[in-house]
file my_file_14.csv (CSV, C-alpha atoms)
chain,number,residue,atom,x,y,z
A,24,MET,CA,-27.5,32.1,27.4
A,25,ARG,CA,-24.3,30.2,28.4
A,26,ILE,CA,-26.4,27.4,30.0
A,27,THR,CA,-28.7,27.1,26.9
A,28,LEU,CA,-25.7,27.1,24.6
A,29,ASN,CA,-23.9,24.4,26.5
A,30,ARG,CA,-27.0,22.2,26.5
A,31,SER,CA,-27.4,22.7,22.8
A,32,ILE,CA,-23.8,21.8,22.1
A,33,TRP,CA,-24.1,18.6,24.3
A,34,PHE,CA,-27.4,17.7,22.6
A,35,LEU,CA,-25.8,18.1,19.2
A,36,PHE,CA,-22.8,16.1,20.2
A,37,PHE,CA,-24.8,13.1,21.5
A,38,PHE,CA,-27.2,13.3,18.5
A,39,THR,CA,-24.2,13.1,16.2
A,40,ILE,CA,-22.6,10.1,18.0
A,41,ALA,CA,-25.9,8.3,18.0
A,42,ALA,CA,-26.4,8.9,14.3
A,43,ILE,CA,-22.9,7.5,13.6
A,44,CYS,CA,-23.5,4.4,15.7
A,45,ILE,CA,-26.8,3.7,14.0
A,46,PHE,CA,-25.2,4.2,10.5
A,47,ALA,CA,-22.4,1.8,11.5
A,48,VAL,CA,-24.7,-0.9,12.7
A,49,ARG,CA,-26.8,-0.6,9.6
A,50,SER,CA,-23.7,-0.7,7.4
A,51,THR,CA,-22.3,-3.7,9.2
A,52,GLY,CA,-25.6,-5.5,8.9
A,53,LYS,CA,-25.8,-4.8,5.2
A,54,LYS,CA,-22.3,-6.0,4.7
A,55,ASP,CA,-23.1,-9.2,6.6
A,56,ILE,CA,-26.2,-9.9,4.5
A,57,ARG,CA,-24.2,-9.7,1.2
A,58,ARG,CA,-21.2,-11.8,2.3
A,59,SER,CA,-18.9,-12.3,-0.7
A,60,LEU,CA,-18.1,-15.7,-2.1
A,61,ASP,CA,-14.5,-16.8,-2.3
A,62,VAL,CA,-15.1,-18.5,-5.7
A,63,PRO,CA,-13.7,-17.9,-9.2
A,64,ALA,CA,-15.6,-15.8,-11.7
A,65,THR,CA,-16.5,-18.9,-13.7
A,66,VAL,CA,-18.3,-21.9,-12.0
A,67,VAL,CA,-19.4,-25.2,-13.5
A,68,TRP,CA,-22.4,-27.1,-12.2
A,69,ALA,CA,-21.7,-30.8,-11.7
A,70,TRP,CA,-25.1,-32.5,-11.6
A,71,GLU,CA,-26.1,-36.0,-10.7
A,72,ARG,CA,-23.9,-38.0,-12.9
A,73,PRO,CA,-20.2,-39.2,-12.8
A,74,GLU,CA,-18.0,-36.1,-13.3
A,75,ASN,CA,-14.2,-36.0,-13.5
A,76,LEU,CA,-13.1,-32.4,-13.2
A,77,LYS,CA,-9.5,-32.9,-12.3
A,78,PHE,CA,-8.5,-31.0,-15.5
A,79,ILE,CA,-9.9,-27.6,-14.3
A,80,ASP,CA,-7.6,-24.8,-13.2
A,81,PRO,CA,-8.9,-24.1,-9.6
A,82,GLY,CA,-7.7,-20.5,-9.8
A,83,LYS,CA,-10.1,-19.9,-12.7
A,84,ILE,CA,-12.9,-22.4,-12.4
A,85,GLY,CA,-15.1,-23.2,-9.4
A,86,VAL,CA,-17.4,-26.2,-9.0
A,87,ALA,CA,-21.0,-26.2,-7.8
A,88,TYR,CA,-22.0,-29.8,-7.3
A,89,LEU,CA,-25.3,-31.4,-6.6
A,90,ALA,CA,-24.9,-32.6,-3.0
A,91,LYS,CA,-28.5,-33.5,-2.2
A,92,THR,CA,-32.0,-33.6,-3.7
A,93,ILE,CA,-34.8,-33.0,-1.2
A,94,SER,CA,-38.4,-33.8,-2.1
A,95,LEU,CA,-41.3,-32.3,-0.2
A,96,SER,CA,-44.8,-33.9,-0.3
A,97,ALA,CA,-47.6,-33.7,2.3
A,98,GLN,CA,-45.7,-33.7,5.6
A,99,ASN,CA,-42.7,-35.7,4.1
A,100,VAL,CA,-39.1,-34.5,3.6
A,101,ILE,CA,-37.3,-37.1,1.5
A,102,THR,CA,-33.6,-36.7,1.0
A,103,ARG,CA,-31.5,-38.3,-1.8
A,104,PRO,CA,-27.8,-37.8,-1.3
A,105,ARG,CA,-25.4,-37.6,-4.3
A,106,LEU,CA,-24.7,-41.1,-5.5
A,107,GLN,CA,-22.5,-40.4,-8.5
A,108,PRO,CA,-18.7,-40.0,-8.2
A,109,LEU,CA,-17.1,-36.5,-8.4
A,110,GLU,CA,-13.4,-36.0,-8.9
A,111,LEU,CA,-11.9,-32.6,-8.3
A,112,PRO,CA,-8.4,-31.0,-7.9
A,113,ALA,CA,-7.5,-30.9,-4.2
A,114,ASP,CA,-7.6,-27.1,-4.0
A,115,ALA,CA,-10.8,-26.6,-5.9
A,116,LYS,CA,-13.3,-24.0,-4.7
A,117,VAL,CA,-16.5,-25.9,-4.1
A,118,ILE,CA,-20.1,-25.0,-3.6
A,119,ALA,CA,-22.6,-27.7,-2.4
A,120,VAL,CA,-25.9,-27.4,-4.1
A,121,VAL,CA,-29.2,-28.6,-2.6
A,122,ARG,CA,-32.0,-29.1,-5.1
A,123,ILE,CA,-35.5,-28.9,-3.5
A,124,GLU,CA,-38.5,-30.3,-5.4
A,125,SER,CA,-42.2,-30.0,-4.5
A,126,ASP,CA,-44.7,-32.8,-5.3
A,127,ARG,CA,-47.3,-31.2,-7.6
A,128,VAL,CA,-49.9,-33.9,-6.8
A,129,GLU,CA,-49.4,-34.4,-3.1
A,130,LYS,CA,-48.6,-30.8,-2.3
A,131,PRO,CA,-46.3,-30.2,0.7
A,132,ALA,CA,-47.9,-28.9,3.9
A,133,LEU,CA,-45.1,-26.3,4.3
A,134,SER,CA,-45.3,-26.9,8.0
A,135,GLU,CA,-42.9,-25.7,10.7
A,136,SER,CA,-41.8,-29.4,11.1
A,137,GLN,CA,-41.0,-29.6,7.4
A,138,LEU,CA,-39.1,-26.3,7.6
A,139,ASN,CA,-37.0,-27.5,10.5
A,140,ARG,CA,-36.1,-30.8,8.9
A,141,LEU,CA,-35.3,-29.1,5.7
A,142,VAL,CA,-33.0,-26.6,7.5
A,143,ASN,CA,-31.2,-29.4,9.3
A,144,GLU,CA,-30.6,-31.2,6.0
A,145,ILE,CA,-29.1,-28.2,4.4
A,146,VAL,CA,-27.1,-26.9,7.4
A,147,SER,CA,-25.5,-30.3,7.9
A,148,LEU,CA,-23.4,-29.6,4.7
A,149,LYS,CA,-21.5,-26.9,6.5
A,150,GLU,CA,-19.3,-29.6,8.0
A,151,LEU,CA,-17.7,-30.2,4.6
A,152,ARG,CA,-14.9,-28.1,3.2
A,153,LEU,CA,-17.0,-25.6,1.2
A,154,SER,CA,-16.8,-22.1,-0.1
A,155,ALA,CA,-20.6,-21.7,0.0
A,156,ILE,CA,-23.9,-23.6,0.0
A,157,GLN,CA,-26.4,-23.0,-2.8
A,158,ILE,CA,-30.2,-23.7,-2.7
A,159,ASP,CA,-31.9,-24.5,-6.0
A,160,PHE,CA,-35.7,-24.3,-5.5
A,161,ASP,CA,-38.2,-23.1,-8.1
A,162,ALA,CA,-40.7,-22.0,-5.5
A,163,ALA,CA,-44.2,-21.4,-6.5
A,164,ALA,CA,-45.9,-18.1,-5.4
A,165,SER,CA,-47.7,-20.1,-2.6
A,166,GLU,CA,-44.3,-21.4,-1.4
A,167,ARG,CA,-42.5,-18.0,-1.2
A,168,PHE,CA,-43.2,-17.3,2.5
A,169,PHE,CA,-41.9,-20.8,3.4
A,170,TYR,CA,-38.9,-20.3,1.2
A,171,ARG,CA,-38.0,-16.9,2.7
A,172,ASN,CA,-38.1,-18.4,6.1
A,173,LEU,CA,-35.9,-21.3,5.0
A,174,ILE,CA,-33.3,-18.9,3.5
A,175,MET,CA,-33.2,-16.7,6.6
A,176,GLU,CA,-32.8,-19.7,9.0
A,177,VAL,CA,-30.2,-21.5,6.8
A,178,SER,CA,-28.2,-18.3,6.4
A,179,LYS,CA,-28.2,-17.7,10.1
A,180,GLN,CA,-27.1,-21.2,11.0
A,181,ILE,CA,-24.3,-21.6,8.4
A,182,SER,CA,-22.8,-18.1,9.0
A,183,PRO,CA,-20.1,-17.1,8.2
A,184,LEU,CA,-20.3,-19.5,5.3
A,185,PRO,CA,-22.1,-17.6,2.4
A,186,LEU,CA,-25.5,-18.7,1.1
A,187,SER,CA,-26.2,-18.6,-2.7
A,188,ILE,CA,-29.5,-19.3,-4.3
A,189,THR,CA,-30.6,-19.9,-7.9
A,190,ALA,CA,-33.5,-17.8,-9.2
A,191,LEU,CA,-36.0,-17.9,-12.0
A,192,ALA,CA,-35.2,-15.0,-14.4
A,193,SER,CA,-38.6,-13.5,-13.7
A,194,TRP,CA,-37.8,-13.2,-10.0
A,195,CYS,CA,-34.9,-10.9,-10.9
A,196,SER,CA,-36.8,-8.6,-13.3
A,197,GLY,CA,-39.5,-6.5,-11.8
A,198,ASP,CA,-40.5,-9.2,-9.2
A,199,ARG,CA,-38.7,-8.1,-6.1
A,200,TRP,CA,-39.7,-10.7,-3.5
A,201,LEU,CA,-36.0,-11.7,-3.1
A,202,GLN,CA,-35.0,-8.2,-1.9
A,203,ASP,CA,-33.5,-8.0,1.6
A,204,LEU,CA,-32.8,-11.7,1.9
A,205,PRO,CA,-29.5,-12.6,3.6
A,206,VAL,CA,-27.9,-14.2,0.5
A,207,ALA,CA,-24.5,-13.5,-1.1
A,208,GLU,CA,-26.0,-13.8,-4.5
A,209,ALA,CA,-29.1,-14.9,-6.4
A,210,VAL,CA,-28.3,-16.6,-9.7
A,211,PRO,CA,-30.9,-15.9,-12.5
A,212,MET,CA,-31.2,-19.0,-14.6
A,213,LEU,CA,-31.0,-17.9,-18.3
A,214,PHE,CA,-32.0,-21.2,-19.7
A,215,ARG,CA,-35.1,-23.6,-19.6
A,216,MET,CA,-37.2,-20.4,-19.3
A,217,GLY,CA,-40.2,-21.6,-21.3
A,218,VAL,CA,-42.4,-18.9,-22.7
A,219,GLU,CA,-40.1,-16.2,-21.3
A,220,ARG,CA,-37.1,-17.3,-23.3
A,221,ALA,CA,-37.6,-15.2,-26.3
A,222,ALA,CA,-38.1,-12.0,-24.3
A,223,PHE,CA,-35.1,-12.5,-22.1
A,224,ALA,CA,-32.9,-13.6,-25.1
A,225,SER,CA,-33.8,-10.4,-26.9
A,226,ARG,CA,-33.2,-8.3,-23.9
A,227,LEU,CA,-29.7,-9.9,-23.4
A,228,ALA,CA,-28.9,-9.4,-27.1
A,229,GLU,CA,-29.6,-5.7,-26.7
A,230,GLY,CA,-27.2,-5.5,-23.8
A,231,ASN,CA,-29.9,-5.0,-21.3
A,232,ASN,CA,-28.9,-7.5,-18.6
A,233,THR,CA,-29.4,-5.4,-15.5
A,234,PHE,CA,-31.3,-7.4,-12.8
A,235,VAL,CA,-32.5,-6.1,-9.5
A,236,ALA,CA,-30.6,-7.0,-6.3
A,237,PRO,CA,-29.7,-9.6,-5.2
A,238,CYS,CA,-29.5,-10.9,-8.8
A,239,GLU,CA,-27.1,-8.4,-10.2
A,240,ARG,CA,-23.8,-10.2,-9.4
A,241,ALA,CA,-24.2,-13.6,-11.1
A,242,ALA,CA,-26.1,-15.5,-13.8
A,243,GLY,CA,-26.5,-19.1,-15.0
A,244,VAL,CA,-26.3,-20.3,-18.6
A,245,SER,CA,-26.4,-23.6,-20.4
A,246,THR,CA,-24.1,-24.9,-23.1
A,247,ASP,CA,-27.1,-26.0,-25.2
A,248,GLU,CA,-29.0,-22.7,-25.1
A,249,LEU,CA,-26.7,-19.9,-26.2
A,250,VAL,CA,-27.6,-16.4,-25.1
A,251,ALA,CA,-25.6,-13.1,-25.1
A,252,ALA,CA,-23.3,-13.5,-22.0
A,253,PRO,CA,-24.5,-11.1,-19.3
A,254,LYS,CA,-21.8,-8.9,-17.7
A,255,VAL,CA,-21.7,-10.2,-14.2
A,256,ASP,CA,-19.1,-11.0,-11.5
A,257,ARG,CA,-19.7,-14.7,-11.7
A,258,LEU,CA,-21.1,-16.9,-14.5
A,259,TYR,CA,-22.3,-20.4,-13.8
A,260,PHE,CA,-22.2,-23.0,-16.6
A,261,PHE,CA,-24.7,-25.9,-16.9
A,262,SER,CA,-24.1,-28.8,-19.3
A,263,PRO,CA,-26.6,-31.5,-20.1
A,264,LYS,CA,-23.6,-33.8,-20.7
A,265,PRO,CA,-20.5,-34.7,-18.6
A,266,TRP,CA,-17.9,-32.0,-18.7
A,267,THR,CA,-14.7,-32.5,-20.7
A,268,PRO,CA,-11.7,-30.2,-21.4
A,269,THR,CA,-13.1,-29.6,-24.9
A,270,SER,CA,-16.7,-28.9,-23.8
A,271,LEU,CA,-15.5,-26.5,-21.1
A,272,THR,CA,-13.2,-24.7,-23.5
A,273,GLN,CA,-16.0,-24.3,-25.9
A,274,ALA,CA,-18.3,-23.0,-23.3
A,275,MET,CA,-15.7,-20.4,-22.2
A,276,GLU,CA,-15.5,-19.2,-25.9
A,277,ASP,CA,-19.3,-19.2,-26.5
A,278,PHE,CA,-19.9,-17.1,-23.4
A,279,GLN,CA,-16.8,-15.0,-23.7
A,280,ARG,CA,-15.2,-15.8,-20.4
call {"tool": "encode", "arguments": {"input": "my_file_14.csv", "output": "structure tokens"}}
result
Amino acid sequence: MRITLNRSIWFLFFFTIAAICIFAVRSTGKKDIRRSLDVPATVVWAWERPENLKFIDPGKIGVAYLAKTISLSAQNVITRPRLQPLELPADAKVIAVVRIESDRVEKPALSESQLNRLVNEIVSLKELRLSAIQIDFDAAASERFFYRNLIMEVSKQISPLPLSITALASWCSGDRWLQDLPVAEAVPMLFRMGVERAAFASRLAEGNNTFVAPCERAAGVSTDELVAAPKVDRLYFFSPKPWTPTSLTQAMEDFQR
């Protein structure tokens, strides 16, 4: 009985230690996947136009600026860098945004070569002084596998810099293909939604703004399409016109920030 009891105790001991180690590894991995962004709770998008944002308070407002636009067609990867001036406070928290567009006539091959070139174009931005990189890609259903691979490879290569992505609102409500991706956040775009606009606007007006992970932390709104401001950690503002102190103040009031 003594020998049996000792073996049982040792088996229980090692089983417990193994379980703790597995839990720790899983917890660490999950934490790494959802790396937090060191960015204020309000962020303005600065798109491809001259922008002077020296007036912002860097402690309260972050900036996500369009750094590159990359077009995919057939086997081609065509990169257009930002050409318009952008002026910021020296200590601004900055996110570099990469816009990806697919040619709808000469559809991209989505080949491994294209993927590698696209990864290199995005990863090269990590040499800048950034708080994060954001990918903006309205991937069609046929492009999702390619996009998932892109996200996973970029996230791995820019680590520990966080990766953010924008998302169609429909991706964040019932369509769970973004789950388990290594991104700090997915930002549902609550504007330019087309036929879905009325349904989402009604849902937000009723206070139902809960999106599935990884879309629950942030949202994007536009100054020319007012919706009930969702309760999220970080709200991104888009403006079809250059930002001014007046337009930013108005946006903050409209969306209750």
call {"tool": "closest_residue", "arguments": {"input": "my_file_14.csv", "among": "A:Asp114, A:Asp61, A:Asp80, A:Glu144", "to": "A:Ser94", "atoms": "all atoms listed in the file"}}
result
A:Glu144
call {"tool": "atom_distance", "arguments": {"input": "my_file_14.csv", "atom1": "atom CA of A:Val100", "atom2": "atom CA of A:Met175"}}
result
19.0 Å
call {"tool": "residues_around", "arguments": {"input": "my_file_14.csv", "residues": "A:Arg240", "least_positions_apart": "6", "cutoff": "10 Å", "atoms": "only C-alpha atoms", "output": "list of chain:residue names"}}
result
A:Ala207, A:Glu208, A:Ala209, A:Val210, A:Pro211, A:Thr233, A:Phe234, A:Pro253, A:Lys254, A:Val255, A:Asp256, A:Arg257, A:Leu258
call {"tool": "closest_residue", "arguments": {"input": "my_file_14.csv", "among": "A:Phe260, A:Trp194, A:Trp266, A:Phe160", "to": "A:Val67", "atoms": "all atoms listed in the file"}}
result
A:Phe260
call {"tool": "residues_near_point", "arguments": {"input": "my_file_14.csv", "point": "(-43.0, -24.8, 10.1)", "cutoff": "12 Å", "atoms": "only C-alpha atoms", "output": "PDB file with C-alpha atoms, in the frame of the given file"}}
result
ATOM      1  CA  GLN A  98     -45.700 -33.700   5.600  1.00  0.00           C
ATOM      2  CA  PRO A 131     -46.300 -30.200   0.700  1.00  0.00           C
ATOM      3  CA  ALA A 132     -47.900 -28.900   3.900  1.00  0.00           C
ATOM      4  CA  LEU A 133     -45.100 -26.300   4.300  1.00  0.00           C
ATOM      5  CA  SER A 134     -45.300 -26.900   8.000  1.00  0.00           C
ATOM      6  CA  GLU A 135     -42.900 -25.700  10.700  1.00  0.00           C
ATOM      7  CA  SER A 136     -41.800 -29.400  11.100  1.00  0.00           C
ATOM      8  CA  GLN A 137     -41.000 -29.600   7.400  1.00  0.00           C
ATOM      9  CA  LEU A 138     -39.100 -26.300   7.600  1.00  0.00           C
ATOM     10  CA  ASN A 139     -37.000 -27.500  10.500  1.00  0.00           C
ATOM     11  CA  ARG A 140     -36.100 -30.800   8.900  1.00  0.00           C
ATOM     12  CA  LEU A 141     -35.300 -29.100   5.700  1.00  0.00           C
ATOM     13  CA  VAL A 142     -33.000 -26.600   7.500  1.00  0.00           C
ATOM     14  CA  PHE A 168     -43.200 -17.300   2.500  1.00  0.00           C
ATOM     15  CA  PHE A 169     -41.900 -20.800   3.400  1.00  0.00           C
ATOM     16  CA  TYR A 170     -38.900 -20.300   1.200  1.00  0.00           C
ATOM     17  CA  ARG A 171     -38.000 -16.900   2.700  1.00  0.00           C
ATOM     18  CA  ASN A 172     -38.100 -18.400   6.100  1.00  0.00           C
ATOM     19  CA  LEU A 173     -35.900 -21.300   5.000  1.00  0.00           C
ATOM     20  CA  GLU A 176     -32.800 -19.700   9.000  1.00  0.00           C
TER      21      GLU A 176
END
call {"tool": "closest_residue", "arguments": {"input": "my_file_14.csv", "among": "A:Leu148, A:Leu186, A:Ala90, A:Val128", "to": "A:Leu204", "atoms": "all atoms listed in the file"}}
result
A:Leu186
call {"tool": "atom_distance", "arguments": {"input": "my_file_14.csv", "atom1": "atom CA of A:Val206", "atom2": "atom CA of A:Ala162"}}
result
16.1 Å
call {"tool": "atom_distance", "arguments": {"input": "my_file_14.csv", "atom1": "atom CA of A:Ile156", "atom2": "atom CA of A:Ala119"}}
result
4.9 Å
call {"tool": "closest_residue", "arguments": {"input": "my_file_14.csv", "among": "A:Met275, A:Ala64, A:Ile101, A:Val120", "to": "A:Asp159", "atoms": "only C-alpha atoms"}}
result
A:Val120
call {"tool": "residues_near_point", "arguments": {"input": "my_file_14.csv", "point": "(-16.9, -20.6, -10.7)", "cutoff": "6 Å", "atoms": "only C-alpha atoms", "output": "PyMOL selection string"}}
result
chain A and resi 62-67+84-86
call {"tool": "residues_around", "arguments": {"input": "my_file_14.csv", "residues": "A:Val235", "least_positions_apart": "4", "cutoff": "7 Å", "atoms": "all atoms listed in the file", "output": "number ranges by chain"}}
result
A: 195-196, 239
call {"tool": "closest_residue", "arguments": {"input": "my_file_14.csv", "among": "A:Arg167, A:Arg103, A:Lys130, A:Arg72", "to": "A:Ser262", "atoms": "only C-alpha atoms"}}
result
A:Arg72
call {"tool": "closest_residue", "arguments": {"input": "my_file_14.csv", "among": "A:Arg280, A:Arg122, A:Lys116, A:Arg152", "to": "A:Glu71", "atoms": "only C-alpha atoms"}}
result
A:Arg122
call {"tool": "residues_around", "arguments": {"input": "my_file_14.csv", "residues": "A:Leu184", "least_positions_apart": "4", "cutoff": "9 Å", "atoms": "all atoms listed in the file", "output": "PDB file with C-alpha atoms, in the frame of the given file"}}
result
ATOM      1  CA  ARG A  58     -21.200 -11.800   2.300  1.00  0.00           C
ATOM      2  CA  LEU A  60     -18.100 -15.700  -2.100  1.00  0.00           C
ATOM      3  CA  LYS A 149     -21.500 -26.900   6.500  1.00  0.00           C
ATOM      4  CA  LEU A 153     -17.000 -25.600   1.200  1.00  0.00           C
ATOM      5  CA  SER A 154     -16.800 -22.100  -0.100  1.00  0.00           C
ATOM      6  CA  ALA A 155     -20.600 -21.700   0.000  1.00  0.00           C
ATOM      7  CA  ILE A 156     -23.900 -23.600   0.000  1.00  0.00           C
ATOM      8  CA  SER A 178     -28.200 -18.300   6.400  1.00  0.00           C
TER       9      SER A 178
END
call {"tool": "build_atoms", "arguments": {"input": "my_file_14.csv", "residues": "stretch 133-154 of chain A", "atoms": "N, CA and C atoms", "output": "PDB file, keeping the file's coordinate frame"}}
result
ATOM      1  N   LEU A 133     -45.883 -27.513   3.964  1.00  0.00           N
ATOM      2  CA  LEU A 133     -45.100 -26.300   4.300  1.00  0.00           C
ATOM      3  C   LEU A 133     -45.212 -25.980   5.773  1.00  0.00           C
ATOM      4  N   SER A 134     -45.161 -27.013   6.572  1.00  0.00           N
ATOM      5  CA  SER A 134     -45.300 -26.900   8.000  1.00  0.00           C
ATOM      6  C   SER A 134     -44.023 -26.463   8.692  1.00  0.00           C
ATOM      7  N   GLU A 135     -44.136 -26.084   9.950  1.00  0.00           N
ATOM      8  CA  GLU A 135     -42.900 -25.700  10.700  1.00  0.00           C
ATOM      9  C   GLU A 135     -42.026 -26.949  10.866  1.00  0.00           C
ATOM     10  N   SER A 136     -42.624 -28.134  11.023  1.00  0.00           N
ATOM     11  CA  SER A 136     -41.800 -29.400  11.100  1.00  0.00           C
ATOM     12  C   SER A 136     -41.059 -29.621   9.846  1.00  0.00           C
ATOM     13  N   GLN A 137     -41.710 -29.433   8.715  1.00  0.00           N
ATOM     14  CA  GLN A 137     -41.000 -29.600   7.400  1.00  0.00           C
ATOM     15  C   GLN A 137     -39.880 -28.596   7.296  1.00  0.00           C
ATOM     16  N   LEU A 138     -40.154 -27.377   7.681  1.00  0.00           N
ATOM     17  CA  LEU A 138     -39.100 -26.300   7.600  1.00  0.00           C
ATOM     18  C   LEU A 138     -37.914 -26.696   8.422  1.00  0.00           C
ATOM     19  N   ASN A 139     -38.130 -27.139   9.655  1.00  0.00           N
ATOM     20  CA  ASN A 139     -37.000 -27.500  10.500  1.00  0.00           C
ATOM     21  C   ASN A 139     -36.196 -28.636  10.001  1.00  0.00           C
ATOM     22  N   ARG A 140     -36.868 -29.657   9.468  1.00  0.00           N
ATOM     23  CA  ARG A 140     -36.100 -30.800   8.900  1.00  0.00           C
ATOM     24  C   ARG A 140     -35.352 -30.401   7.678  1.00  0.00           C
ATOM     25  N   LEU A 141     -35.936 -29.542   6.873  1.00  0.00           N
ATOM     26  CA  LEU A 141     -35.300 -29.100   5.700  1.00  0.00           C
ATOM     27  C   LEU A 141     -34.031 -28.232   6.032  1.00  0.00           C
ATOM     28  N   VAL A 142     -34.181 -27.364   7.006  1.00  0.00           N
ATOM     29  CA  VAL A 142     -33.000 -26.600   7.500  1.00  0.00           C
ATOM     30  C   VAL A 142     -31.916 -27.462   7.956  1.00  0.00           C
ATOM     31  N   ASN A 143     -32.248 -28.475   8.754  1.00  0.00           N
ATOM     32  CA  ASN A 143     -31.200 -29.400   9.300  1.00  0.00           C
ATOM     33  C   ASN A 143     -30.489 -30.116   8.176  1.00  0.00           C
ATOM     34  N   GLU A 144     -31.220 -30.536   7.151  1.00  0.00           N
ATOM     35  CA  GLU A 144     -30.600 -31.200   6.000  1.00  0.00           C
ATOM     36  C   GLU A 144     -29.600 -30.357   5.300  1.00  0.00           C
ATOM     37  N   ILE A 145     -29.944 -29.103   5.127  1.00  0.00           N
ATOM     38  CA  ILE A 145     -29.100 -28.200   4.400  1.00  0.00           C
ATOM     39  C   ILE A 145     -27.878 -27.761   5.267  1.00  0.00           C
ATOM     40  N   VAL A 146     -28.168 -27.418   6.506  1.00  0.00           N
ATOM     41  CA  VAL A 146     -27.100 -26.900   7.400  1.00  0.00           C
ATOM     42  C   VAL A 146     -26.058 -27.985   7.667  1.00  0.00           C
ATOM     43  N   SER A 147     -26.427 -29.259   7.620  1.00  0.00           N
ATOM     44  CA  SER A 147     -25.500 -30.300   7.900  1.00  0.00           C
ATOM     45  C   SER A 147     -24.289 -30.307   6.896  1.00  0.00           C
ATOM     46  N   LEU A 148     -24.478 -29.694   5.746  1.00  0.00           N
ATOM     47  CA  LEU A 148     -23.400 -29.600   4.700  1.00  0.00           C
ATOM     48  C   LEU A 148     -22.270 -28.710   5.141  1.00  0.00           C
ATOM     49  N   LYS A 149     -22.505 -27.841   6.098  1.00  0.00           N
ATOM     50  CA  LYS A 149     -21.500 -26.900   6.500  1.00  0.00           C
ATOM     51  C   LYS A 149     -20.249 -27.553   7.080  1.00  0.00           C
ATOM     52  N   GLU A 150     -20.391 -28.828   7.457  1.00  0.00           N
ATOM     53  CA  GLU A 150     -19.300 -29.600   8.000  1.00  0.00           C
ATOM     54  C   GLU A 150     -18.246 -29.954   6.957  1.00  0.00           C
ATOM     55  N   LEU A 151     -18.634 -29.855   5.685  1.00  0.00           N
ATOM     56  CA  LEU A 151     -17.700 -30.200   4.600  1.00  0.00           C
ATOM     57  C   LEU A 151     -16.817 -28.982   4.302  1.00  0.00           C
ATOM     58  N   ARG A 152     -15.777 -29.218   3.526  1.00  0.00           N
ATOM     59  CA  ARG A 152     -14.900 -28.100   3.200  1.00  0.00           C
ATOM     60  C   ARG A 152     -15.479 -27.397   1.944  1.00  0.00           C
ATOM     61  N   LEU A 153     -16.189 -26.311   2.212  1.00  0.00           N
ATOM     62  CA  LEU A 153     -17.000 -25.600   1.200  1.00  0.00           C
ATOM     63  C   LEU A 153     -16.618 -24.134   1.141  1.00  0.00           C
ATOM     64  N   SER A 154     -16.864 -23.544  -0.021  1.00  0.00           N
ATOM     65  CA  SER A 154     -16.800 -22.100  -0.100  1.00  0.00           C
ATOM     66  C   SER A 154     -18.154 -21.452   0.043  1.00  0.00           C
TER      67      SER A 154
END
